[in-house]
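Engineer: For reference, the file structure_3.tsv (TSV, C-alpha atoms) is included below:
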chain	number	residue	atom	x	y	z
A	1	MET	CA	112.73	102.46	63.15
A	2	GLU	CA	111.82	101.17	59.71
A	3	LEU	CA	110.63	97.70	59.05
A	4	GLY	CA	110.99	95.81	55.82
A	5	ASN	CA	110.05	92.25	55.15
A	6	ASP	CA	113.48	90.98	56.02
A	7	ALA	CA	113.90	87.87	58.00
A	8	ASP	CA	115.91	89.73	60.60
A	9	ASP	CA	113.03	92.08	61.42
A	10	PHE	CA	112.60	90.17	64.61
A	11	TYR	CA	116.14	90.95	65.59
A	12	VAL	CA	115.68	94.62	64.75
A	13	VAL	CA	112.53	94.77	66.85
A	14	MET	CA	114.26	93.08	69.73
A	15	GLN	CA	117.16	95.51	69.56
A	16	PHE	CA	114.77	98.44	69.41
A	17	LEU	CA	112.85	97.18	72.40
A	18	LYS	CA	116.07	96.63	74.25
A	19	THR	CA	117.40	100.13	73.74
A	20	SER	CA	114.16	102.05	74.07
A	21	ALA	CA	112.76	99.92	76.85
A	22	MET	CA	111.57	101.95	79.76
A	23	LEU	CA	113.00	101.26	83.12
A	24	LYS	CA	111.49	97.96	84.18
A	25	SER	CA	112.79	97.74	87.71
A	26	ILE	CA	111.28	98.68	91.00
A	27	LEU	CA	112.11	98.33	94.67
A	28	GLY	CA	109.66	97.00	97.18
A	29	THR	CA	109.15	95.11	100.41
A	30	LYS	CA	107.89	91.59	100.80
A	31	VAL	CA	104.44	91.59	102.35
A	32	GLY	CA	103.74	87.88	102.62
A	33	MET	CA	102.23	84.97	100.80
A	34	THR	CA	98.70	83.80	100.17
A	35	GLN	CA	96.77	81.82	97.61
A	36	ILE	CA	94.33	83.04	95.02
A	37	PHE	CA	92.07	81.28	92.54
A	38	ASP	CA	92.33	81.65	88.80
A	39	ASP	CA	89.32	81.61	86.48
A	40	GLU	CA	89.29	77.82	86.30
A	41	GLY	CA	89.38	77.47	90.05
A	42	ASN	CA	93.02	76.45	90.21
A	43	ILE	CA	94.94	77.72	93.19
A	44	ILE	CA	97.92	79.97	92.57
A	45	PRO	CA	100.44	80.57	95.35
A	46	VAL	CA	101.37	84.25	95.29
A	47	THR	CA	103.80	86.49	97.10
A	48	LEU	CA	102.70	90.07	97.60
A	49	ILE	CA	105.24	92.82	97.15
A	50	GLU	CA	104.54	96.38	98.16
A	51	ALA	CA	106.46	97.93	95.28
A	52	GLY	CA	107.16	101.58	94.99
A	53	PRO	CA	106.62	104.40	94.66
A	54	CYS	CA	110.29	104.66	93.75
A	55	TYR	CA	112.07	107.80	92.63
A	56	VAL	CA	114.93	108.26	90.22
A	57	THR	CA	117.51	109.75	92.53
A	58	GLN	CA	120.46	109.82	90.16
A	59	LYS	CA	121.37	109.04	86.58
A	60	LYS	CA	124.83	107.60	86.19
A	61	THR	CA	126.39	108.49	82.85
A	62	LYS	CA	129.21	107.07	80.81
A	63	GLU	CA	131.07	110.38	80.84
A	64	ARG	CA	130.86	111.05	84.54
A	65	ASP	CA	130.69	107.63	86.14
A	66	GLY	CA	132.07	105.35	83.43
A	67	TYR	CA	128.86	103.32	83.17
A	68	VAL	CA	125.18	103.89	82.56
A	69	ALA	CA	122.75	103.18	85.35
A	70	VAL	CA	119.81	104.58	87.24
A	71	GLN	CA	119.73	104.98	90.97
A	72	LEU	CA	116.37	104.33	92.54
A	73	GLY	CA	115.23	105.44	95.97
A	74	PHE	CA	112.52	103.72	97.93
A	75	GLN	CA	110.49	103.88	101.10
A	76	GLY	CA	109.61	107.11	102.82
A	77	VAL	CA	111.35	107.78	106.10
A	78	LYS	CA	111.44	110.54	108.68
A	79	GLU	CA	113.80	113.25	107.58
A	80	ARG	CA	115.68	113.28	110.88
A	81	LYS	CA	116.63	109.65	110.35
A	82	LEU	CA	118.80	110.56	107.38
A	83	THR	CA	122.36	111.79	107.37
A	84	LYS	CA	123.15	115.20	105.90
A	85	PRO	CA	124.96	113.82	102.85
A	86	HIS	CA	122.04	111.46	102.18
A	87	LYS	CA	119.58	114.34	102.47
A	88	GLY	CA	121.65	116.53	100.20
A	89	HIS	CA	121.82	113.78	97.61
A	90	LEU	CA	118.04	113.43	97.61
A	91	GLU	CA	117.45	117.18	97.52
A	92	LYS	CA	119.58	117.41	94.42
A	93	ALA	CA	117.09	115.20	92.62
A	94	LYS	CA	114.11	116.87	94.36
A	95	CYS	CA	113.05	113.60	95.98
A	96	PRO	CA	111.24	113.11	99.30
A	97	PRO	CA	113.23	111.51	102.15
A	98	LEU	CA	113.95	107.92	101.12
A	99	LYS	CA	115.51	105.14	103.11
A	100	TYR	CA	117.02	102.91	100.45
A	101	LEU	CA	119.06	103.71	97.34
A	102	ARG	CA	119.80	100.99	94.82
A	103	GLU	CA	121.28	101.08	91.35
A	104	VAL	CA	119.96	99.42	88.22
A	105	ARG	CA	122.04	99.01	85.08
A	106	ILE	CA	120.15	100.18	82.02
A	107	ASP	CA	121.13	100.67	78.39
A	108	ASN	CA	119.50	104.02	77.92
A	109	HIS	CA	117.98	106.37	80.46
A	110	GLU	CA	117.21	109.34	78.21
A	111	ASP	CA	113.47	109.01	78.84
A	112	LEU	CA	113.98	109.23	82.59
A	113	GLU	CA	114.44	112.34	84.69
A	114	GLU	CA	115.83	112.74	88.15
A	115	GLY	CA	113.03	112.95	90.67
A	116	GLN	CA	110.70	110.96	88.42
A	117	GLU	CA	108.32	108.62	90.18
A	118	ILE	CA	108.30	104.93	89.28
A	119	LYS	CA	105.16	103.03	90.20
A	120	ALA	CA	104.04	99.44	90.05
A	121	ASP	CA	102.27	100.04	86.73
A	122	ILE	CA	105.54	99.50	84.84
A	123	PHE	CA	104.58	95.83	85.01
A	124	GLN	CA	101.55	94.13	83.53
A	125	VAL	CA	99.78	90.97	84.52
A	126	GLY	CA	101.48	88.09	82.75
A	127	ASP	CA	104.96	89.65	82.64
A	128	LEU	CA	107.88	87.57	83.77
A	129	VAL	CA	110.09	89.15	86.41
A	130	ASP	CA	113.20	88.38	88.42
A	131	VAL	CA	113.06	89.13	92.13
A	132	SER	CA	116.20	89.72	94.19
A	133	GLY	CA	116.40	89.95	97.92
A	134	THR	CA	118.44	88.99	100.94
A	135	SER	CA	117.67	85.47	102.07
A	136	LYS	CA	116.83	84.68	105.67
A	137	GLY	CA	119.93	84.07	107.75
A	138	LYS	CA	120.26	80.51	109.02
A	139	GLY	CA	123.29	81.04	111.27
A	140	PHE	CA	125.97	78.37	111.43
A	141	ALA	CA	124.46	75.50	109.47
A	142	GLY	CA	125.75	71.96	109.02
A	143	VAL	CA	126.47	70.31	105.70
A	144	VAL	CA	123.13	68.53	105.50
A	145	LYS	CA	121.23	71.80	105.52
A	146	ARG	CA	123.84	73.93	103.79
A	147	HIS	CA	125.00	71.66	100.98
A	148	HIS	CA	122.26	69.01	100.91
A	149	PHE	CA	124.61	66.22	102.03
A	150	ALA	CA	122.81	62.98	102.72
A	151	GLY	CA	124.28	62.52	106.20
A	152	GLY	CA	124.93	59.12	107.70
A	153	LEU	CA	122.73	56.18	108.49
A	154	LYS	CA	119.95	56.72	110.96
A	155	THR	CA	119.91	53.09	112.07
A	156	HIS	CA	122.05	49.95	111.69
A	157	GLY	CA	124.11	50.81	114.74
A	158	ALA	CA	125.12	54.27	113.55
A	159	SER	CA	125.92	56.59	116.41
A	160	ASP	CA	126.62	60.34	116.31
A	161	ARG	CA	127.31	60.25	112.54
A	162	HIS	CA	123.78	61.05	111.46
A	163	ARG	CA	124.51	64.50	110.06
A	164	ALA	CA	128.30	64.31	109.76
A	165	PRO	CA	130.09	65.53	106.60
A	166	GLY	CA	132.10	62.31	106.08
A	167	SER	CA	135.60	62.38	104.62
A	168	VAL	CA	137.07	65.75	103.67
A	169	GLY	CA	139.98	64.31	101.68
A	170	ALA	CA	142.83	61.80	101.43
A	171	GLY	CA	145.67	61.26	103.93
A	172	THR	CA	149.36	62.17	103.81
A	173	THR	CA	149.11	62.90	100.11
A	174	PRO	CA	148.04	65.72	99.67
A	175	GLY	CA	148.25	66.23	103.42
A	176	ARG	CA	145.77	69.07	103.40
A	177	VAL	CA	142.12	69.76	102.74
A	178	PHE	CA	141.45	71.24	99.35
A	179	LYS	CA	140.12	74.77	99.09
A	180	GLY	CA	136.43	74.96	98.41
A	181	MET	CA	135.65	71.75	100.32
A	182	ARG	CA	132.03	72.02	101.31
A	183	MET	CA	131.68	72.22	105.05
A	184	GLY	CA	129.41	73.71	107.66
A	185	GLY	CA	129.33	77.47	108.12
A	186	ARG	CA	127.27	80.59	107.92
A	187	MET	CA	124.25	80.14	105.69
A	188	GLY	CA	121.69	82.55	104.34
A	189	GLY	CA	121.65	86.29	104.67
A	190	GLU	CA	122.98	86.65	101.15
A	191	ARG	CA	121.58	88.06	97.95
A	192	VAL	CA	119.38	85.59	96.12
A	193	THR	CA	117.59	86.09	92.82
A	194	VAL	CA	114.61	84.07	91.69
A	195	LEU	CA	114.15	84.10	87.93
A	196	ASN	CA	111.05	84.16	85.77
A	197	LEU	CA	108.22	84.67	88.19
A	198	GLU	CA	104.89	85.47	86.62
A	199	VAL	CA	103.18	88.69	87.63
A	200	VAL	CA	99.65	87.85	88.74
A	201	ILE	CA	98.34	91.12	90.16
A	202	VAL	CA	99.32	94.73	89.58
A	203	ASP	CA	97.64	97.45	91.58
A	204	PRO	CA	99.41	100.82	91.22
A	205	GLU	CA	96.99	102.51	93.64
A	206	LYS	CA	97.95	100.20	96.46
A	207	ASN	CA	101.54	99.95	95.14
A	208	LEU	CA	101.00	96.23	95.01
A	209	ILE	CA	102.51	93.54	92.84
A	210	ALA	CA	101.82	89.85	93.28
A	211	VAL	CA	104.07	87.24	91.72
A	212	LYS	CA	103.49	83.52	91.40
A	213	GLY	CA	105.70	81.60	93.78
A	214	ALA	CA	108.05	82.42	96.61
A	215	ILE	CA	110.67	85.15	96.80
A	216	PRO	CA	113.80	85.42	98.96
A	217	GLY	CA	113.91	87.03	102.36
A	218	ALA	CA	111.76	87.72	105.35
A	219	LYS	CA	108.59	89.78	105.47
A	220	ASN	CA	109.31	93.51	105.27
A	221	GLY	CA	112.61	92.69	103.54
A	222	LEU	CA	113.78	94.88	100.69
A	223	VAL	CA	113.43	93.24	97.28
A	224	MET	CA	114.09	94.38	93.76
A	225	VAL	CA	111.71	93.38	91.00
A	226	ARG	CA	113.13	93.50	87.49
A	227	GLU	CA	112.04	92.41	84.06
A	228	ALA	CA	113.16	88.81	83.53
A	229	ILE	CA	116.50	88.69	81.76
A	230	LYS	CA	116.14	85.12	80.54
A	231	GLN	CA	112.52	85.16	79.50
A	232	LYS	CA	113.27	84.73	75.81
A	233	GLU	CA	114.69	81.30	76.50
A	234	ARG	CA	111.71	80.41	78.55
A	235	GLN	CA	109.20	81.52	75.94
A	236	GLY	CA	110.98	79.32	73.41
A	237	ARG	CA	110.06	76.28	75.40
W	1	MET	CA	101.97	94.59	110.40
W	2	ALA	CA	98.32	95.47	110.33
W	3	HIS	CA	99.01	97.12	107.03
W	4	ALA	CA	100.39	93.89	105.59
W	5	VAL	CA	97.32	91.99	106.74
W	6	ASP	CA	95.10	94.52	104.99
W	7	LEU	CA	97.07	94.14	101.79
W	8	ILE	CA	96.72	90.39	101.89
W	9	LYS	CA	93.01	90.65	102.57
W	10	SER	CA	92.59	93.03	99.67
W	11	VAL	CA	93.87	90.34	97.31
W	12	GLU	CA	91.83	87.47	98.62
W	13	VAL	CA	88.40	87.19	97.05
W	14	LEU	CA	85.88	85.79	99.50
W	15	LYS	CA	82.43	84.51	98.69
W	16	ASP	CA	79.55	86.13	100.48
W	17	ASN	CA	77.15	83.20	100.19
W	18	ILE	CA	79.00	80.97	102.64
W	19	PRO	CA	77.12	80.39	105.90
W	20	THR	CA	78.89	80.13	109.23
W	21	LEU	CA	80.32	76.64	109.28
W	22	LYS	CA	81.43	74.68	112.28
W	23	VAL	CA	82.98	71.31	112.87
W	24	GLY	CA	80.25	68.71	113.29
W	25	ASP	CA	77.84	70.40	110.90
W	26	THR	CA	76.11	68.24	108.35
W	27	VAL	CA	76.48	70.05	105.04
W	28	LYS	CA	75.58	69.79	101.41
W	29	VAL	CA	78.43	71.00	99.22
W	30	HIS	CA	77.42	71.86	95.67
W	31	VAL	CA	80.43	71.32	93.42
W	32	ARG	CA	80.69	72.60	89.87
W	33	ILE	CA	81.91	69.88	87.56
W	34	VAL	CA	83.02	70.73	84.04
W	35	GLU	CA	82.85	67.90	81.53
W	36	GLY	CA	84.02	69.13	78.18
W	37	LYS	CA	81.75	72.07	77.52
W	38	ASN	CA	79.01	71.05	79.89
W	39	GLU	CA	78.88	72.14	83.44
W	40	ARG	CA	76.82	70.43	86.07
W	41	ILE	CA	76.45	70.54	89.81
W	42	GLN	CA	77.27	67.58	91.99
W	43	VAL	CA	76.22	67.48	95.62
W	44	PHE	CA	78.39	65.98	98.33
W	45	GLN	CA	76.61	65.56	101.64
W	46	GLY	CA	78.36	64.70	104.85
W	47	THR	CA	79.71	65.85	108.18
W	48	ILE	CA	82.47	68.42	108.58
W	49	ILE	CA	85.16	66.63	110.56
W	50	ALA	CA	87.89	69.27	110.25
W	51	MET	CA	88.43	72.81	109.10
W	52	GLY	CA	91.64	74.41	107.98
W	53	GLY	CA	93.14	77.59	106.65
W	54	ASN	CA	91.74	81.04	106.94
W	55	GLY	CA	90.69	83.83	104.66
W	56	ALA	CA	90.45	82.67	101.07
W	57	ASN	CA	92.17	79.41	101.98
W	58	ARG	CA	89.49	78.25	104.40
W	59	SER	CA	88.84	74.59	103.80
W	60	ILE	CA	86.49	71.96	105.18
W	61	LEU	CA	86.97	68.21	105.32
W	62	VAL	CA	83.63	66.51	104.75
W	63	ARG	CA	83.09	62.84	105.57
W	64	ARG	CA	80.22	60.78	104.31
W	65	ILE	CA	79.39	57.12	104.34
W	66	ALA	CA	79.01	55.95	100.76
W	67	ALA	CA	77.56	52.69	99.48
W	68	ASN	CA	78.46	49.51	101.42
W	69	GLY	CA	79.42	51.57	104.45
W	70	ILE	CA	82.63	52.87	102.94
W	71	GLY	CA	83.71	56.20	104.37
W	72	VAL	CA	84.57	58.89	101.84
W	73	GLU	CA	86.28	62.12	102.81
W	74	ARG	CA	86.63	65.12	100.58
W	75	LYS	CA	88.33	68.40	101.23
W	76	PHE	CA	86.81	71.57	99.82
W	77	LEU	CA	88.24	75.04	99.59
W	78	ILE	CA	84.97	76.76	100.28
W	79	HIS	CA	85.93	80.00	98.54
W	80	SER	CA	86.98	78.20	95.37
W	81	PRO	CA	85.00	78.99	92.22
W	82	ARG	CA	84.51	75.24	91.87
W	83	VAL	CA	82.33	75.18	94.96
W	84	ASP	CA	78.97	76.60	94.00
W	85	LYS	CA	77.44	76.82	97.45
W	86	VAL	CA	77.41	75.18	100.86
W	87	GLN	CA	74.21	74.44	102.78
W	88	VAL	CA	74.10	73.62	106.47
W	89	LEU	CA	71.53	70.96	107.30
W	90	ARG	CA	72.25	70.22	110.95
W	91	HIS	CA	74.53	71.32	113.75
W	92	ALA	CA	76.04	68.91	116.25
W	93	HIS	CA	77.29	69.14	119.78
W	94	VAL	CA	81.02	68.49	119.55
W	95	ARG	CA	83.82	69.04	122.03
W	96	ARG	CA	86.85	69.02	119.79
W	97	ALA	CA	88.13	70.74	116.67
W	98	LYS	CA	88.95	67.60	114.68
W	99	LEU	CA	86.52	64.72	114.63
W	100	TYR	CA	88.99	62.13	113.39
W	101	PHE	CA	87.66	59.65	115.93
W	102	LEU	CA	84.66	59.22	113.63
W	103	ARG	CA	86.91	57.29	111.24
W	104	ASP	CA	87.20	54.46	113.71
W	105	ARG	CA	83.50	54.26	114.33
W	106	SER	CA	80.66	52.97	112.21
W	107	GLY	CA	76.92	52.75	112.35
W	108	LYS	CA	75.22	54.03	115.48
W	109	ALA	CA	78.52	54.79	117.20
W	110	ALA	CA	79.38	57.36	114.54
W	111	ARG	CA	76.40	59.55	115.36
W	112	LEU	CA	76.81	63.04	116.70
W	113	LYS	CA	74.35	64.61	119.11
W	114	GLU	CA	72.34	67.30	117.42
W	115	LYS	CA	72.57	70.84	118.63
W	116	ARG	CA	69.59	72.95	117.81
W	117	VAL	CA	70.37	76.56	117.21
W	118	TYR	CA	67.55	79.00	117.70
W	119	HIS	CA	67.92	82.27	115.96
W	120	ARG	CA	66.45	85.10	117.97
W	121	LYS	CA	63.86	87.01	116.05
W	122	THR	CA	64.81	90.56	115.38
W	123	LYS	CA	62.20	92.96	116.63
Rewrite the coordinates I just gave you, this time as structure tokens.
Structural biologist:
Amino acid sequence: MELGNDADDFYVVMQFLKTSAMLKSILGTKVGMTQIFDDEGNIIPVTLIEAGPCYVTQKKTKERDGYVAVQLGFQGVKERKLTKPHKGHLEKAKCPPLKYLREVRIDNHEDLEEGQEIKADIFQVGDLVDVSGTSKGKGFAGVVKRHHFAGGLKTHGASDRHRAPGSVGAGTTPGRVFKGMRMGGRMGGERVTVLNLEVVIVDPEKNLIAVKGAIPGAKNGLVMVREAIKQKERQGR
Amino acid sequence: MAHAVDLIKSVEVLKDNIPTLKVGDTVKVHVRIVEGKNERIQVFQGTIIAMGGNGANRSILVRRIAANGIGVERKFLIHSPRVDKVQVLRHAHVRRAKLYFLRDRSGKAARLKEKRVYHRKTK
């Protein structure tokens, strides 16, 4: 990469970083939340994530798979818990027995090898990350909880309409309820991503990452921590 | 889950100069106050009427009677860097965890019976 004094150097640098960027994704489990103090004595709410060690279990290539991605494996498990195909897949990459396999799209994985260990030190304090996980299941939830409807009046003679959805449409015309009408139903238990969380602590020895704020899912839930995809916009603020 | 607890504890930074505090104790809380570039210590003296949190989030609610008999309550996170130190002046005999009843009392009625604690001498 050669740099001149052109105005579009910034763009060149960004492109270079994009293509040569090391894999900035890791799998982990949610440990729980606590609060820590910063230097000024302000309290920061943090979520601890036990992240890694992950292993590169497979490299998906354009020629073979039609797209470029890296498959990561996470969390040691007893070998007898795994199926034979799963074991064989891991042995191919010379990985220890791993419970979870997840794919990450990446532009270029030439600097990665199968079997390579990924640890929490791919992140630094101050980085912005996106965290994805499966949210806690809420079961069959009403519209007030699920869609933030206001519900009915609590007083003024209102009876049994406190949390009702109200009208779901007109009468004979159209004579049906439109598709997509927000109603009660199953809530939670779906993939949720929280964007732009600041990394507060990185401890590769303990495989620990702490991010500022809350992340989806229950304790011990599987989460994926990735470099923030929208951080450029945020930094421009 | 014990592992998770250990991880959380490893992140929380606790002060080692905090004495054992109990509800009913009369304490002096030394608070660091930064004004521009100067830093000074302000002392808040009163009775602990409630405690909350645990680990690094342990907090105490201190009540004192300020000028003209006006009650002032302040909550301190005792492990915060803004709290310099906490001194215990007096223990009291109390039978509940939250002494909110003190808010409704004034003067002599708001006294707590002192509990003297004798520390056994180590041989």
Engineer: Check every residue of chain W for an atom within 10 Å of chain A, counting all atoms listed in the file, and provide those that qualify as a PyMOL selection string.
Structural biologist: chain W and resi 1+3-5+7-14+32+34+55-57+77+79-83
Engineer: Compare W:Ile78, W:Ala67, W:Ile33, W:Val88 by their minimum atom-to-atom distance to Asn54 in chain W, counting only C-alpha atoms, and give me the closest one.
Structural biologist: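 Once distances to Asn54 in chain W are computed over only C-alpha atoms, the minimum belongs to W:Ile78.
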Engineer: Between CA of Ala214 in chain A and CA of Gly139 in chain A, what is the distance in Å, rounded to a tenth?
Structural biologist: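 A separation of 21.2 Å between them.
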Engineer: For a cutoff of 12 Å around the file-coordinate point (118.3, 86.8, 96.7), which residues qualify once you count all atoms listed in the file? I'd like the result as a PyMOL selection string.
Structural biologist: chain A and resi 130-137+188-195+214-218+221-225
Engineer: Report, in Å with one decimal, the straight-line distance from CA of Val29 in chain W to CA of Gln42 in chain W.
Structural biologist: 8.1 Å
Engineer: List the spatial neighbours of Glu198 in chain A as number ranges by chain - criterion: any atom at most 8 Å away, only C-alpha atoms, same-chain residues fewer than 4 positions off excluded.
Structural biologist: A: 125-129, 211-212
Engineer: In Å, rounded to a single decimal, give me how far CA of Gly184 in chain A is from CA of Gly171 in chain A.
Structural biologist: 20.8 Å
Engineer: Give me the residues near Gln45 in chain W as number ranges by chain, where near means some atom within 8 Å (using all atoms listed in the file) and where sequence neighbours in that chain fewer than 6 positions away do not count.
Structural biologist: W: 26-29, 62, 64
Engineer: Excluding same-chain residues fewer than 4 positions from Ile70 in chain W, what lies within 12 Å of it counting all atoms listed in the file, as a PyMOL selection string?
Structural biologist: chain W and resi 63-66+103-107
Engineer: If we count only C-alpha atoms, what is near Phe76 in chain W at a cut-off of 7 Å, once residues fewer than 4 positions away on the same chain are taken out, given as a PyMOL selection string?
Structural biologist: chain W and resi 59-61
